[in-house]
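Asker: Before I ask anything, let me first share the structure, which is written out below as structure tokens.
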Amino acid sequence: METAAMAAAAGSAVGVAAKVMPKAGAAARRDCQLASRVAIVRDAGLLSKAGVRARVSGGARGVRAQAVNSAAVATELSTESAKTVAKPTVLVAEKLGAAGIELLEKVAVVDCSYNLSNEDLCAKISQCDALIVRSGTKVTREVFEASKGRLKVVGRAGVGIDNVDLQAATEVGCLVVNAPTANTVAAAEHGISLLTAMARNVSQASASMKAGKWQRNKWVGVSLVEKTLAVMGFGKVGSEVARRAKGLGMHVVAHDPYASAERAKAVGVELVSFDEALARADFISLHMPLTPTTDKIFNDESFGKCKKGVRIVNVARGGVIDEPALVRALDAGIVAQAALDVFTVEPPKEGDALVNHENVIVTPHLGASTMEAQEGVAVEIAEAVAGALAGELSATAVNAPMVPAEVITELAPYVTLAERLGRLAVQLVSGGAGVKQVKVVYRSARADDDLDTRLLRAMITKGLIEPVSSAFINLVNADYVAKQRGLKISEERQPTDGAIEVPLESISVTIADVESKFASSEQDGAIHLEGKVKDGVPYLSRVGSFSVDVSLEGSIILYRQVDQPGMIGKVGTILGEENVNISFMSVGRKSPREHAVMAIGVDEEPSKATLQKLGDIPAVEEFVFLKL
Ligand SMILES: NC(=O)C1=CN([C@@H]2O[C@H](COP(=O)(O)OP(=O)(O)OC[C@H]3O[C@@H](n4cnc5c(N)ncnc54)[C@H](O)[C@@H]3O)[C@@H](O)[C@H]2O)C=CC1
Ligand SMILES: O=C(O)C(=O)COP(=O)(O)O
């Protein structure tokens, strides 16, 4: 029952029919267990790099990318689903290295459709579980809306994610992953190429010679040695540029509000303020991301703070420069030369003043375009996307909190417990959509920094919201959706003396300011449920002020009775008449022959008539049926 429900949840989470086909004995059980495990992490929107590697490793690299058109995708999908489980569909919207395509083809139907218009992308996206892009595709809110909830992961085969609407992705629970490391050296090398080519007028001299001229006096350059280079953005690319520039004999300063002084010291670079960097630089190289803060950070005012005759390289993003301001600075001689790989609009409009400026050299966004970087990026993103589709943890997720794989594994049963407690608690509320204040208490012997509760909070949120709305919730969007609905979840840690090997002794969920359908679930005027994990299985351990002990599998009937002999027999007979199988029974009472709360786990959902028969037993004072 549990595994079937979770397998269904897995399907809904990824938007593919993750059906477990009927199989005999151990094989079927193993498949169900796998589906169950996948469901936990997939619902949480988590990815594991190790898991992906295990799944996709072993394949020969270098298989050519094969364009798969829509008809072929449809055919392959139907054939696949007839065989076992339908493979997810990955749309690769920009050229990706062959090794990446090969990895993806092991786990998905891969549709390589390049140069799609926005309209075509929107039309296609509702058939896709994942989308892979580079910098040339704008993944807008419109694209996420057009996906109608099916798109579960966007992979950016590169670093900059300014072309993906992260807010829209988060709102719909779509994970965004990037490939942050494989093109670092390529981008740094391109920065250095542009720096040296600009200083020695390589591209102008080459063009003039090809035009039949021999202008040795015209193309005299400037030297780099002993000059000061300001690296703006001392991250991965910036650091590599700094190292290389030092090798060329340059003095390097860097500006990066978030860089550590130790890292700068290790590279032999002085970290300075923005203004000081501009004031000292003979050359400036840009390596910061495009964000609302860096948007047009190089403008008339900042050029005004530069040394006259400064030379600028931009391999970051066109948008960090106010381009008309750069044209003015070039015309005024404030900026002597610029070397640009990136532009605010790509490709720039014909006749663009900057592109055509005589003191500017340009390349068409080639920073990451080496054979090596493209193969590396393709593998990096394919692994991340394949992992996402399997619901595993990603080290490169950009819109979900990072939760290490080992934490996921350790917390897996508590994740299930957390969701089920939320699910039960909200069903107890009369008109569950009105829940606003929820308190979660984690009882644990672990130190505060040794227990990551983000995943548990997300799953309680999922349990609280999904039964009473059409929202789909995972780790990516849980906090966002809760905030949107005005649901405030406060968390409290209660230290215990137990063993620290056990992550949690119990989790309790308390909903204040609501009315309960089952008065006995209230404690101090609030609905209160508590659960535990025993032998890897989640249990309900408390309902209101009554202790119970019922496994959280199947569904649950709770009723309050006057404690007296013969009750279990009567209830068992009524459920048995309708062939409802009882998995667990537990009586929670404070003292003999007084009020007791009975918790009964059932494998099947009883009919309303059967539930009514239970309610009609004279000793039963109230009852409620809760679905897990
Ligand atoms: N032209 C191309 O083909 C390529 C371009 N890129 C661009 O280069 C950028 C940097 O890439 P990585 O070094 O891999 O990223 P990164 O994240 O390692 O480094 C970016 C650095 O910029 C810093 N930063 C953020 N705001 C800043 C500000 N206001 N002023 C100064 N520094 C600031 C960050 O603290 C970080 O250290 C990417 O965001 C991307 O836009 C990256 C690869 C290829
Ligand atoms: O990785 C980045 O940020 C880049 O700018 C590279 O872009 P590309 O993948 O070559 O379109």
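So you can find residues: chains in the structure tokens are A, B, ... in the order shown, residues in each start at 1, and ligands are numbered from 1 in order.
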Write down as a PDB file with N, CA and C atoms, in the first residue's frame the residues of region 202-325 of chain A whose backbone DSSP state falls under alpha helix (DSSP H).
Answerer:
ATOM      1  N   VAL A 202      45.645  42.498 -32.521  1.00  0.00           N
ATOM      2  CA  VAL A 202      45.776  41.308 -33.375  1.00  0.00           C
ATOM      3  C   VAL A 202      44.668  41.244 -34.424  1.00  0.00           C
ATOM      4  N   SER A 203      43.419  41.453 -33.988  1.00  0.00           N
ATOM      5  CA  SER A 203      42.350  41.243 -34.974  1.00  0.00           C
ATOM      6  C   SER A 203      42.317  42.365 -36.017  1.00  0.00           C
ATOM      7  N   GLN A 204      42.609  43.606 -35.602  1.00  0.00           N
ATOM      8  CA  GLN A 204      42.622  44.698 -36.587  1.00  0.00           C
ATOM      9  C   GLN A 204      43.775  44.504 -37.580  1.00  0.00           C
ATOM     10  N   ALA A 205      44.944  44.126 -37.052  1.00  0.00           N
ATOM     11  CA  ALA A 205      46.116  43.958 -37.918  1.00  0.00           C
ATOM     12  C   ALA A 205      45.887  42.811 -38.901  1.00  0.00           C
ATOM     13  N   SER A 206      45.250  41.760 -38.391  1.00  0.00           N
ATOM     14  CA  SER A 206      44.970  40.615 -39.256  1.00  0.00           C
ATOM     15  C   SER A 206      44.016  41.027 -40.373  1.00  0.00           C
ATOM     16  N   ALA A 207      42.961  41.757 -40.000  1.00  0.00           N
ATOM     17  CA  ALA A 207      41.977  42.185 -41.011  1.00  0.00           C
ATOM     18  C   ALA A 207      42.642  43.097 -42.035  1.00  0.00           C
ATOM     19  N   SER A 208      43.530  43.998 -41.572  1.00  0.00           N
ATOM     20  CA  SER A 208      44.134  44.952 -42.510  1.00  0.00           C
ATOM     21  C   SER A 208      45.080  44.228 -43.473  1.00  0.00           C
ATOM     22  N   MET A 209      45.797  43.232 -42.938  1.00  0.00           N
ATOM     23  CA  MET A 209      46.711  42.494 -43.817  1.00  0.00           C
ATOM     24  C   MET A 209      45.948  41.674 -44.845  1.00  0.00           C
ATOM     25  N   LYS A 210      44.827  41.077 -44.386  1.00  0.00           N
ATOM     26  CA  LYS A 210      44.004  40.306 -45.328  1.00  0.00           C
ATOM     27  C   LYS A 210      43.409  41.214 -46.393  1.00  0.00           C
ATOM     28  N   LYS A 236      35.233  31.646  -9.950  1.00  0.00           N
ATOM     29  CA  LYS A 236      36.010  30.593 -10.607  1.00  0.00           C
ATOM     30  C   LYS A 236      36.784  31.151 -11.805  1.00  0.00           C
ATOM     31  N   VAL A 237      36.075  31.827 -12.706  1.00  0.00           N
ATOM     32  CA  VAL A 237      36.738  32.342 -13.910  1.00  0.00           C
ATOM     33  C   VAL A 237      37.704  33.466 -13.527  1.00  0.00           C
ATOM     34  N   GLY A 238      37.230  34.386 -12.687  1.00  0.00           N
ATOM     35  CA  GLY A 238      38.062  35.523 -12.281  1.00  0.00           C
ATOM     36  C   GLY A 238      39.385  35.066 -11.674  1.00  0.00           C
ATOM     37  N   SER A 239      39.338  34.039 -10.812  1.00  0.00           N
ATOM     38  CA  SER A 239      40.584  33.560 -10.176  1.00  0.00           C
ATOM     39  C   SER A 239      41.542  32.992 -11.219  1.00  0.00           C
ATOM     40  N   GLU A 240      40.977  32.249 -12.186  1.00  0.00           N
ATOM     41  CA  GLU A 240      41.845  31.653 -13.221  1.00  0.00           C
ATOM     42  C   GLU A 240      42.458  32.731 -14.105  1.00  0.00           C
ATOM     43  N   VAL A 241      41.701  33.774 -14.378  1.00  0.00           N
ATOM     44  CA  VAL A 241      42.236  34.901 -15.163  1.00  0.00           C
ATOM     45  C   VAL A 241      43.353  35.571 -14.362  1.00  0.00           C
ATOM     46  N   ALA A 242      43.106  35.745 -13.050  1.00  0.00           N
ATOM     47  CA  ALA A 242      44.110  36.401 -12.203  1.00  0.00           C
ATOM     48  C   ALA A 242      45.417  35.602 -12.213  1.00  0.00           C
ATOM     49  N   ARG A 243      45.314  34.284 -12.067  1.00  0.00           N
ATOM     50  CA  ARG A 243      46.525  33.436 -12.069  1.00  0.00           C
ATOM     51  C   ARG A 243      47.304  33.601 -13.365  1.00  0.00           C
ATOM     52  N   ARG A 244      46.562  33.547 -14.467  1.00  0.00           N
ATOM     53  CA  ARG A 244      47.229  33.640 -15.764  1.00  0.00           C
ATOM     54  C   ARG A 244      47.845  35.024 -15.973  1.00  0.00           C
ATOM     55  N   ALA A 245      47.148  36.062 -15.534  1.00  0.00           N
ATOM     56  CA  ALA A 245      47.649  37.431 -15.717  1.00  0.00           C
ATOM     57  C   ALA A 245      48.926  37.634 -14.897  1.00  0.00           C
ATOM     58  N   LYS A 246      48.967  37.010 -13.735  1.00  0.00           N
ATOM     59  CA  LYS A 246      50.189  37.123 -12.926  1.00  0.00           C
ATOM     60  C   LYS A 246      51.359  36.465 -13.664  1.00  0.00           C
ATOM     61  N   GLY A 247      51.041  35.364 -14.346  1.00  0.00           N
ATOM     62  CA  GLY A 247      52.061  34.690 -15.148  1.00  0.00           C
ATOM     63  C   GLY A 247      52.575  35.569 -16.280  1.00  0.00           C
ATOM     64  N   ALA A 261      39.275  36.793   1.717  1.00  0.00           N
ATOM     65  CA  ALA A 261      40.619  37.371   1.657  1.00  0.00           C
ATOM     66  C   ALA A 261      41.668  36.256   1.542  1.00  0.00           C
ATOM     67  N   GLU A 262      41.388  35.088   2.185  1.00  0.00           N
ATOM     68  CA  GLU A 262      42.368  33.981   2.144  1.00  0.00           C
ATOM     69  C   GLU A 262      42.565  33.480   0.712  1.00  0.00           C
ATOM     70  N   ARG A 263      41.412  33.363   0.004  1.00  0.00           N
ATOM     71  CA  ARG A 263      41.508  32.845  -1.372  1.00  0.00           C
ATOM     72  C   ARG A 263      42.305  33.826  -2.239  1.00  0.00           C
ATOM     73  N   ALA A 264      42.044  35.119  -2.038  1.00  0.00           N
ATOM     74  CA  ALA A 264      42.755  36.142  -2.805  1.00  0.00           C
ATOM     75  C   ALA A 264      44.247  36.069  -2.483  1.00  0.00           C
ATOM     76  N   LYS A 265      44.532  35.880  -1.190  1.00  0.00           N
ATOM     77  CA  LYS A 265      45.934  35.820  -0.765  1.00  0.00           C
ATOM     78  C   LYS A 265      46.631  34.613  -1.400  1.00  0.00           C
ATOM     79  N   ALA A 266      45.882  33.492  -1.458  1.00  0.00           N
ATOM     80  CA  ALA A 266      46.470  32.276  -2.021  1.00  0.00           C
ATOM     81  C   ALA A 266      46.866  32.493  -3.489  1.00  0.00           C
ATOM     82  N   VAL A 267      46.101  33.306  -4.196  1.00  0.00           N
ATOM     83  CA  VAL A 267      46.418  33.561  -5.615  1.00  0.00           C
ATOM     84  C   VAL A 267      47.399  34.742  -5.734  1.00  0.00           C
ATOM     85  N   PHE A 274      35.365  48.601  -5.192  1.00  0.00           N
ATOM     86  CA  PHE A 274      35.016  48.842  -6.599  1.00  0.00           C
ATOM     87  C   PHE A 274      35.750  50.090  -7.100  1.00  0.00           C
ATOM     88  N   ASP A 275      35.650  51.188  -6.339  1.00  0.00           N
ATOM     89  CA  ASP A 275      36.247  52.454  -6.786  1.00  0.00           C
ATOM     90  C   ASP A 275      37.771  52.357  -6.885  1.00  0.00           C
ATOM     91  N   GLU A 276      38.373  51.668  -5.906  1.00  0.00           N
ATOM     92  CA  GLU A 276      39.833  51.560  -5.942  1.00  0.00           C
ATOM     93  C   GLU A 276      40.280  50.730  -7.144  1.00  0.00           C
ATOM     94  N   ALA A 277      39.524  49.678  -7.434  1.00  0.00           N
ATOM     95  CA  ALA A 277      39.866  48.843  -8.596  1.00  0.00           C
ATOM     96  C   ALA A 277      39.858  49.708  -9.862  1.00  0.00           C
ATOM     97  N   LEU A 278      38.820  50.533  -9.998  1.00  0.00           N
ATOM     98  CA  LEU A 278      38.721  51.363 -11.202  1.00  0.00           C
ATOM     99  C   LEU A 278      39.855  52.386 -11.237  1.00  0.00           C
ATOM    100  N   ALA A 279      40.166  52.952 -10.095  1.00  0.00           N
ATOM    101  CA  ALA A 279      41.180  54.008 -10.045  1.00  0.00           C
ATOM    102  C   ALA A 279      42.575  53.472 -10.368  1.00  0.00           C
ATOM    103  N   ARG A 280      42.831  52.193 -10.011  1.00  0.00           N
ATOM    104  CA  ARG A 280      44.187  51.659 -10.186  1.00  0.00           C
ATOM    105  C   ARG A 280      44.401  50.924 -11.500  1.00  0.00           C
ATOM    106  N   ASP A 300      28.238  55.551 -17.117  1.00  0.00           N
ATOM    107  CA  ASP A 300      28.970  56.826 -17.251  1.00  0.00           C
ATOM    108  C   ASP A 300      29.740  57.146 -15.973  1.00  0.00           C
ATOM    109  N   GLU A 301      29.059  56.922 -14.829  1.00  0.00           N
ATOM    110  CA  GLU A 301      29.683  57.276 -13.544  1.00  0.00           C
ATOM    111  C   GLU A 301      30.927  56.419 -13.287  1.00  0.00           C
ATOM    112  N   SER A 302      30.800  55.100 -13.516  1.00  0.00           N
ATOM    113  CA  SER A 302      31.970  54.262 -13.227  1.00  0.00           C
ATOM    114  C   SER A 302      33.099  54.489 -14.235  1.00  0.00           C
ATOM    115  N   PHE A 303      32.749  54.717 -15.500  1.00  0.00           N
ATOM    116  CA  PHE A 303      33.836  55.002 -16.453  1.00  0.00           C
ATOM    117  C   PHE A 303      34.556  56.287 -16.034  1.00  0.00           C
ATOM    118  N   GLY A 304      33.778  57.220 -15.454  1.00  0.00           N
ATOM    119  CA  GLY A 304      34.363  58.487 -14.984  1.00  0.00           C
ATOM    120  C   GLY A 304      35.387  58.278 -13.871  1.00  0.00           C
ATOM    121  N   GLU A 323      25.935  49.789 -22.483  1.00  0.00           N
ATOM    122  CA  GLU A 323      26.672  49.810 -23.751  1.00  0.00           C
ATOM    123  C   GLU A 323      26.766  51.209 -24.380  1.00  0.00           C
ATOM    124  N   PRO A 324      25.656  52.002 -24.401  1.00  0.00           N
ATOM    125  CA  PRO A 324      25.817  53.363 -24.945  1.00  0.00           C
ATOM    126  C   PRO A 324      26.840  54.175 -24.141  1.00  0.00           C
ATOM    127  N   ALA A 325      26.913  53.945 -22.819  1.00  0.00           N
ATOM    128  CA  ALA A 325      27.898  54.671 -21.996  1.00  0.00           C
ATOM    129  C   ALA A 325      29.316  54.264 -22.391  1.00  0.00           C
TER     130      ALA A 325
END
Asker: If you count only C-alpha atoms, which residues fall within 10 Å of Ala93 (chain A), apart from same-chain ones fewer than 2 positions away, as a count of residues only?
Answerer: 17
Asker: Please identify all polymer residues within 8 Å of region 336-347 of chain A, counting only C-alpha atoms, omitting same-chain residues fewer than 5 positions from it, and present them as a PDB file with C-alpha atoms, in the first residue's frame.
Answerer:
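Once written, out.pdb looks like this:
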ATOM      1  CA  GLY A 136      20.821  31.322 -26.351  1.00  0.00           C
ATOM      2  CA  LEU A 194      41.018  38.915 -25.699  1.00  0.00           C
ATOM      3  CA  LEU A 195      43.315  40.774 -23.313  1.00  0.00           C
ATOM      4  CA  MET A 198      43.360  43.726 -27.731  1.00  0.00           C
ATOM      5  CA  LYS A 308      42.084  57.702 -18.822  1.00  0.00           C
ATOM      6  CA  GLY A 309      43.050  55.134 -21.447  1.00  0.00           C
ATOM      7  CA  VAL A 310      41.844  52.078 -19.526  1.00  0.00           C
ATOM      8  CA  ARG A 311      41.241  48.903 -21.542  1.00  0.00           C
ATOM      9  CA  ILE A 312      38.275  46.634 -20.804  1.00  0.00           C
ATOM     10  CA  VAL A 313      37.626  42.938 -21.428  1.00  0.00           C
ATOM     11  CA  ASN A 314      34.131  41.504 -20.953  1.00  0.00           C
ATOM     12  CA  VAL A 315      33.690  37.731 -20.991  1.00  0.00           C
ATOM     13  CA  ALA A 316      30.943  37.870 -18.322  1.00  0.00           C
ATOM     14  CA  ARG A 317      27.597  39.244 -19.552  1.00  0.00           C
ATOM     15  CA  GLY A 318      26.836  42.168 -21.881  1.00  0.00           C
ATOM     16  CA  GLY A 319      24.292  43.501 -19.397  1.00  0.00           C
ATOM     17  CA  GLU A 323      26.672  49.810 -23.751  1.00  0.00           C
ATOM     18  CA  LEU A 330      35.469  55.111 -26.068  1.00  0.00           C
ATOM     19  CA  ASN A 359      38.682  50.486 -30.871  1.00  0.00           C
ATOM     20  CA  VAL A 360      36.579  47.459 -30.065  1.00  0.00           C
ATOM     21  CA  ILE A 361      37.248  43.821 -30.891  1.00  0.00           C
ATOM     22  CA  VAL A 362      34.441  41.299 -30.593  1.00  0.00           C
ATOM     23  CA  THR A 363      33.728  37.564 -30.513  1.00  0.00           C
ATOM     24  CA  PRO A 364      30.249  35.972 -30.655  1.00  0.00           C
ATOM     25  CA  HIS A 365      29.973  34.647 -27.066  1.00  0.00           C
ATOM     26  CA  LEU A 366      32.763  32.106 -27.471  1.00  0.00           C
ATOM     27  CA  GLY A 367      34.006  32.026 -23.883  1.00  0.00           C
TER      28      GLY A 367
END
Asker: I want to know what sits within 12 Å of Ser508 (chain A), based on only C-alpha atoms, with residues of the same chain fewer than 3 positions away left out; could you give that as an MDAnalysis selection string?
Answerer: chainID A and resid 414 417:422 424:425 438:444 456:457 460 490:494 504:505 511 527:532 539:544
Asker: Produce a file of the selected residues containing C-alpha atoms, as a PDB file, in the first residue's frame.
Answerer:
ATOM      1  CA  TYR A 414      11.632  10.837   8.770  1.00  0.00           C
ATOM      2  CA  LEU A 417       6.913  10.587   8.677  1.00  0.00           C
ATOM      3  CA  ALA A 418       6.968  14.377   8.269  1.00  0.00           C
ATOM      4  CA  GLU A 419       4.759  14.327   5.190  1.00  0.00           C
ATOM      5  CA  ARG A 420       2.283  11.896   6.757  1.00  0.00           C
ATOM      6  CA  LEU A 421       2.002  13.870   9.968  1.00  0.00           C
ATOM      7  CA  GLY A 422       1.240  16.991   7.912  1.00  0.00           C
ATOM      8  CA  LEU A 424      -3.061  13.636   8.868  1.00  0.00           C
ATOM      9  CA  ALA A 425      -3.028  16.924  10.781  1.00  0.00           C
ATOM     10  CA  VAL A 438       1.818  25.361  12.482  1.00  0.00           C
ATOM     11  CA  LYS A 439       4.413  24.520  15.069  1.00  0.00           C
ATOM     12  CA  VAL A 440       6.803  21.654  14.465  1.00  0.00           C
ATOM     13  CA  VAL A 441       8.879  20.254  17.308  1.00  0.00           C
ATOM     14  CA  TYR A 442      11.840  18.002  16.587  1.00  0.00           C
ATOM     15  CA  ARG A 443      13.026  15.987  19.601  1.00  0.00           C
ATOM     16  CA  SER A 444      16.617  14.990  19.009  1.00  0.00           C
ATOM     17  CA  LEU A 456      11.452  17.783   6.884  1.00  0.00           C
ATOM     18  CA  ARG A 457       9.849  21.244   6.924  1.00  0.00           C
ATOM     19  CA  ILE A 460       5.398  18.745   6.387  1.00  0.00           C
ATOM     20  CA  SER A 490       7.658  27.615  13.161  1.00  0.00           C
ATOM     21  CA  GLU A 491      10.242  25.036  14.120  1.00  0.00           C
ATOM     22  CA  GLU A 492      11.544  24.182  17.580  1.00  0.00           C
ATOM     23  CA  ARG A 493      14.277  21.803  18.662  1.00  0.00           C
ATOM     24  CA  GLN A 494      13.912  19.909  21.945  1.00  0.00           C
ATOM     25  CA  LEU A 504      15.237  12.224  15.625  1.00  0.00           C
ATOM     26  CA  GLU A 505      13.298  10.702  18.481  1.00  0.00           C
ATOM     27  CA  ILE A 511      -1.983  23.438  14.471  1.00  0.00           C
ATOM     28  CA  ILE A 527      -4.533  19.901  17.075  1.00  0.00           C
ATOM     29  CA  HIS A 528      -1.507  17.903  18.133  1.00  0.00           C
ATOM     30  CA  LEU A 529       0.022  14.839  16.491  1.00  0.00           C
ATOM     31  CA  GLU A 530       3.341  13.211  17.157  1.00  0.00           C
ATOM     32  CA  GLY A 531       5.201  10.531  15.254  1.00  0.00           C
ATOM     33  CA  LYS A 532       8.294   8.373  15.511  1.00  0.00           C
ATOM     34  CA  TYR A 539       4.518   5.497  13.384  1.00  0.00           C
ATOM     35  CA  LEU A 540       1.890   7.763  14.837  1.00  0.00           C
ATOM     36  CA  SER A 541       2.728   7.944  18.537  1.00  0.00           C
ATOM     37  CA  ARG A 542       0.412  10.602  19.899  1.00  0.00           C
ATOM     38  CA  VAL A 543      -3.011  12.029  19.112  1.00  0.00           C
ATOM     39  CA  GLY A 544      -3.864  15.039  21.266  1.00  0.00           C
TER      40      GLY A 544
END
Asker: From the set A:Lys534, A:Arg446, A:Lys349, A:His287, which residue has the shortest atom-to-atom contact distance to ligand 1, counting only C-alpha atoms and all ligand atoms?
Answerer: A:His287
Asker: In Å to one decimal, how far is CA of Phe472 (chain A) from CA of Lys148 (chain A)?
Answerer: 11.5 Å
Asker: Taking the DSSP assignment computed from this structure's backbone, write out as a ChimeraX atom specification all residues of region 166-302 of chain A that belong to strand (DSSP E).
Answerer: /A:175-178,228-232,251-255,270-271,283-286
Asker: Would you write out those residues with C-alpha atoms, as a compact mmCIF listing (two decimals), in the first residue's frame?
Answerer:
# COMPACT_ATOMS: atom_id res chain seq x y z
CA LEU A 175 14.35 22.56 -10.35
CA VAL A 176 17.05 24.51 -12.18
CA VAL A 177 20.54 23.03 -12.33
CA ASN A 178 23.65 24.35 -14.04
CA THR A 228 47.64 46.61 -13.28
CA LEU A 229 44.72 44.36 -14.10
CA ALA A 230 41.51 44.72 -12.07
CA VAL A 231 39.56 41.47 -12.01
CA MET A 232 35.93 42.34 -11.27
CA HIS A 251 49.91 43.29 -11.02
CA VAL A 252 46.47 41.97 -10.22
CA VAL A 253 43.87 43.50 -7.93
CA ALA A 254 40.37 42.12 -7.60
CA HIS A 255 36.99 43.41 -6.54
CA GLU A 270 44.84 42.17 -3.46
CA LEU A 271 41.10 42.54 -2.81
CA PHE A 283 43.12 46.88 -17.72
CA ILE A 284 39.78 45.70 -16.36
CA SER A 285 38.44 42.18 -16.86
CA LEU A 286 34.79 41.47 -15.97
